[in-house]
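Some notes on the structure that comes next.
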Amino acid sequence: MIRFSLNGQDIEYTGNPEATLLQWLRCETEVKSVKDGCSGQGTCGACIVELNGKPSLACCKKMGKLENANITTLEGMPELTRRVLGEAFVASGAVQCGFCSPGMLTRTKLLLDKNPNPTREEVTKKIKSHLCRCTGYIKIVDAIMMASEALREGTDLVFDGGLMGSSPPKLQAFERAVGEPLFIGGMKFDNLLHGALHFSEHPRARIIRIDTSKAEAYEGVVRVFTAKDVPGNRTVGIVVNDWDMYIAEGEITRYIGDVLAMVVAETKSISREAAALIEVEYEVLEPVVTVEQALEGDIKVHESGNLLQETTICYGENVDDVFAKSKYVVSDTFKTQVIEHAFMELENSVAQYEDGRLTVYSQGQGIYEDRHQISEMLGLEIKDVNVKLVPAGGAFGGKEDLSVQGHAALAAFHLKNAVKVKLDRTESMQMHPKRHPMFMDYKLGCDADGKFTALHARILGDTGAYASVGGPVMERAATHAGGAYHIPNIDVKSKAVYTNNIVCGAMRGFGVNQVTFAIEGLIDELCETAGFDRWEIRYKNALDKGLKTTSGHKLRKEVGLKKTLELVKKDYDSGNVTGLACAIKNCGIGNGVPELSEARIEILADEQIKLYHGWSEMGQGIDTVAQQMLSEYIGLDSISKIEVIVNTASETKAGNTTASRGTFLVGKAVLAAAEDLKKDLEMHSLRELAGKSYDGSYLCDWTTSPDFDGEVISHFAYSFATQLVSLSDEGKITKVTAAHDSGIVVNPKLYEGQIEGGVVMGLGYALSEELVLEGGKIADPRFRSLGLLRSTDVPEIEVLPVEIFDTDAPFGAKGVGEICCIPTAAAAAGAYRKFDGKKRCVLPIDPLEK
């Protein structure tokens, strides 16, 4: 027996001494503030507890080592301290997805106990052991400084109101900060069973035999599922149905994330122990691991071949003829790496029957797409499946595809019982899609004055084993290949290529980050070759109203790109070594794909409002933006009167939350639904309208496909940015100046937080991040191997908004979620080229090349 104290309560533990404190807290107690972000690797800091007055990682602390220990979690923290810390994080905008926040609060409490008045530098160093993928750490440091002052001085924290242009508390931010059970992992279900997946050991192998007998005989196992248990379509996919939920005996695996079986058992530990007992006989086959091998070799990843999609954009004069007449022509080859999303909350889903309907709790980025694929997989009608969104602990594009939701749904469908399926960190890294590595051959010309004349680009993207959204990603790479500039003569081709590597799909920027790195590198090469000023050449060629993007879309609305360039000019002229890059990013999928957004408003008797929509909250604040827009439009005095509900039973349809379109499309639908409500409020009070509901929708069906022969309208809106990276005399990044045109700013704290987090993600992309694959397998599956930036790696970031009213957008607001990380790597590469004169054509770059 092991005796210790938890939050002031004496505990006598008689369980497994090798179990971890995190396992016990999460599974055997009501403590949900401690989080699993790295699955026992001691890397992320999300499970920090106070142990005998010191911080301790619960995922690494064995229960057998806790004799006479005094353990305190957020649940046992003094109420005043807990409230002040939580409110400081909310007021500072330090809570985006909120998954890392409880660990940060515990660290803050321990820091302030010893040092009530720390400096920013001391705070930054103290949180170095914690990972946050959303915020970029700056607002977390702000929050800790604010909490320090509030606790010392006894001052109350002040929050903004809820109208447009203010920063009211983000929906559920306080609750998430203090660790309330708002993620799927903290939810309670009766008689919950647990599923564990058994993955392929090889990227390409024929499955000779799957022997599940030992797993089935293991005590506590309820059932083992394989391919034969899928009653409907076994292949799923967002765009192309080519992704096998399970690989059957006799079939060939395509990557190490392929699932062969699932064990469902009474406990999580039993399901995992039993899954490890499954024996598989393989005929190991040679994998296709490069795009060259895929395009030139004989091995087919799919029967249809290895070319998923090719996009061609060609207009103007023949580019070879133009190059021959151009004063200057430069060319080079650029290469980018595989990147892991590294969202903090791991994939997790629960499915069960509720009111006779299969109900799936999803953290995914598209609940209606989840519903469609699950119903097809199970052979059910749409009406028999309800998907409820549980806001995710980060996503960044990595939770667009169906993963654990489908497996949980399959088990619940057969067992008529609640089933949870959750991945650990290694499984997550091998299963979900990544950022595409790209190989880009570029050639750019200009005249004697520095005006661009022509672009020739050939872009290859390794999309891995399945389509995911690899086709659209490479299409977006082609349509943005010329960056944020007008180039009159274009010859661009991109290819999405199947291999046996890990699937690549959506990630923040959606293919535009890679081509921006390439085009900006060539612009710097032109400046080096011809002596042009790096700022002047970009200003001279910047997109503006009336000019065409690479896709051929003639911009019909005001463009703020030149204003963003003007805002960074002061730092550019400061005398420091700097790198400069501009960016354009589409808002909306566009390219001929219809985009629907629906909303419903219900008025309750107590003057409260229910707002239904179909978009996914994952830390970016879309629910809060929807609240603010509705409040502004109908004249509410507080957004707290609005409850936001997202599930498919409401039939307020939407697509996947991607392509920087959420703010635009949810806003359009909300305002459409509120139009009649606003009229009714002119004659009646909100209380008098109790029981009424209002529906609204917005459909964009007027964009054109890339091969359209006529006036091109690729997207309903674009965002623009210029970022400047400044270096010290020693070559260290000291500041990033980020000027952005994303329309009218709805919520300044959310806006700044998105940009700061995006910049830090962009710096990681530039300097250190990479998921290394060898022979189709992850070379080092440890979370710490990914090269994620820590708080001490973050420079000063100055955010400079350019607010230009978009005439099509709700309140003139557009998306900022992706544009914020697109130019960063290119600007960093440019800065280091300026520092030592050596060009960088491969990511991640070596900052100080020998």
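Just so we're on the same page: first chain in the structure tokens is A, next is B, and so on; residues restart at 1 for each chain, and ligands are numbered from 1 in the order they show up.
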Can you pull out the residues contacting A:Val49? Cut-off 12 Å, using only C-alpha atoms, and skip same-chain residues under 4 positions away; I want them as a VMD selection string. chain A and resid 6 to 7 21 to 22 25 31 to 35 45 53 to 61 69 to 77 102 to 110
Write down as a PyMOL selection string the residues belonging to stretch 602-783 of chain A that are assigned strand (DSSP E) by DSSP computed on the backbone. chain A and resi 602-603+609-612+642-645+693-700+717-727+733-741+773-774+777-778
Have a look at A:Asn489, A:Asn191, A:Asn591, A:Thr807 and name the one nearest to A:Trp702; count only C-alpha atoms. A:Asn591
Can you list every residue of stretch 437-542 of chain A that has an atom at most 7 Å from stretch 241-264 of chain A, with its nearest atom pair and the distance in Å to one decimal, using only C-alpha atoms, ordered by chain then number, as JSON lines?
{"residue": "A:Ala465", "atom": "CA", "partner": "A:Arg254", "partner_atom": "CA", "distance": 5.5}
{"residue": "A:Tyr466", "atom": "CA", "partner": "A:Trp243", "partner_atom": "CA", "distance": 5.7}
{"residue": "A:Ala467", "atom": "CA", "partner": "A:Asp242", "partner_atom": "CA", "distance": 6.8}
{"residue": "A:Asn500", "atom": "CA", "partner": "A:Tyr255", "partner_atom": "CA", "distance": 5.1}
{"residue": "A:Asn501", "atom": "CA", "partner": "A:Tyr255", "partner_atom": "CA", "distance": 5.9}
{"residue": "A:Ile502", "atom": "CA", "partner": "A:Tyr255", "partner_atom": "CA", "distance": 6.0}
Shell around A:Ile755 at 8 Å using only C-alpha atoms, local window under 3 positions removed, as a ChimeraX atom specification: /A:738,751-752,758-759,799,816-817,820-821
Fewer than 4 positions away in the same chain doesn't count, so skip those; otherwise give me all residues within 7 Å of stretch 529-539 of chain A, counting only C-alpha atoms, as a CSV table (one decimal) with N, CA, C and O atoms, in the first residue's frame.
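Dumped to out.csv:
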chain,number,residue,atom,x,y,z
A,450,GLY,N,13.3,46.0,-63.1
A,450,GLY,CA,12.9,45.1,-62.0
A,450,GLY,C,11.5,44.6,-62.1
A,450,GLY,O,11.0,44.0,-61.1
A,524,ASP,N,15.1,37.3,-54.2
A,524,ASP,CA,16.4,37.7,-53.5
A,524,ASP,C,17.6,37.4,-54.5
A,524,ASP,O,18.5,38.2,-54.5
A,525,GLU,N,17.5,36.4,-55.3
A,525,GLU,CA,18.5,36.1,-56.2
A,525,GLU,C,18.6,37.1,-57.3
A,525,GLU,O,19.7,37.5,-57.7
A,562,LYS,N,0.5,46.5,-50.5
A,562,LYS,CA,1.5,47.6,-50.5
A,562,LYS,C,1.5,48.4,-49.2
A,562,LYS,O,2.6,48.8,-48.7
A,565,LEU,N,3.7,46.4,-46.9
A,565,LEU,CA,5.1,46.7,-47.2
A,565,LEU,C,5.6,48.1,-46.6
A,565,LEU,O,6.7,48.2,-46.1
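Note that atom CA of A:Val469 and atom CA of A:Asp298 are 24.7 Å apart.
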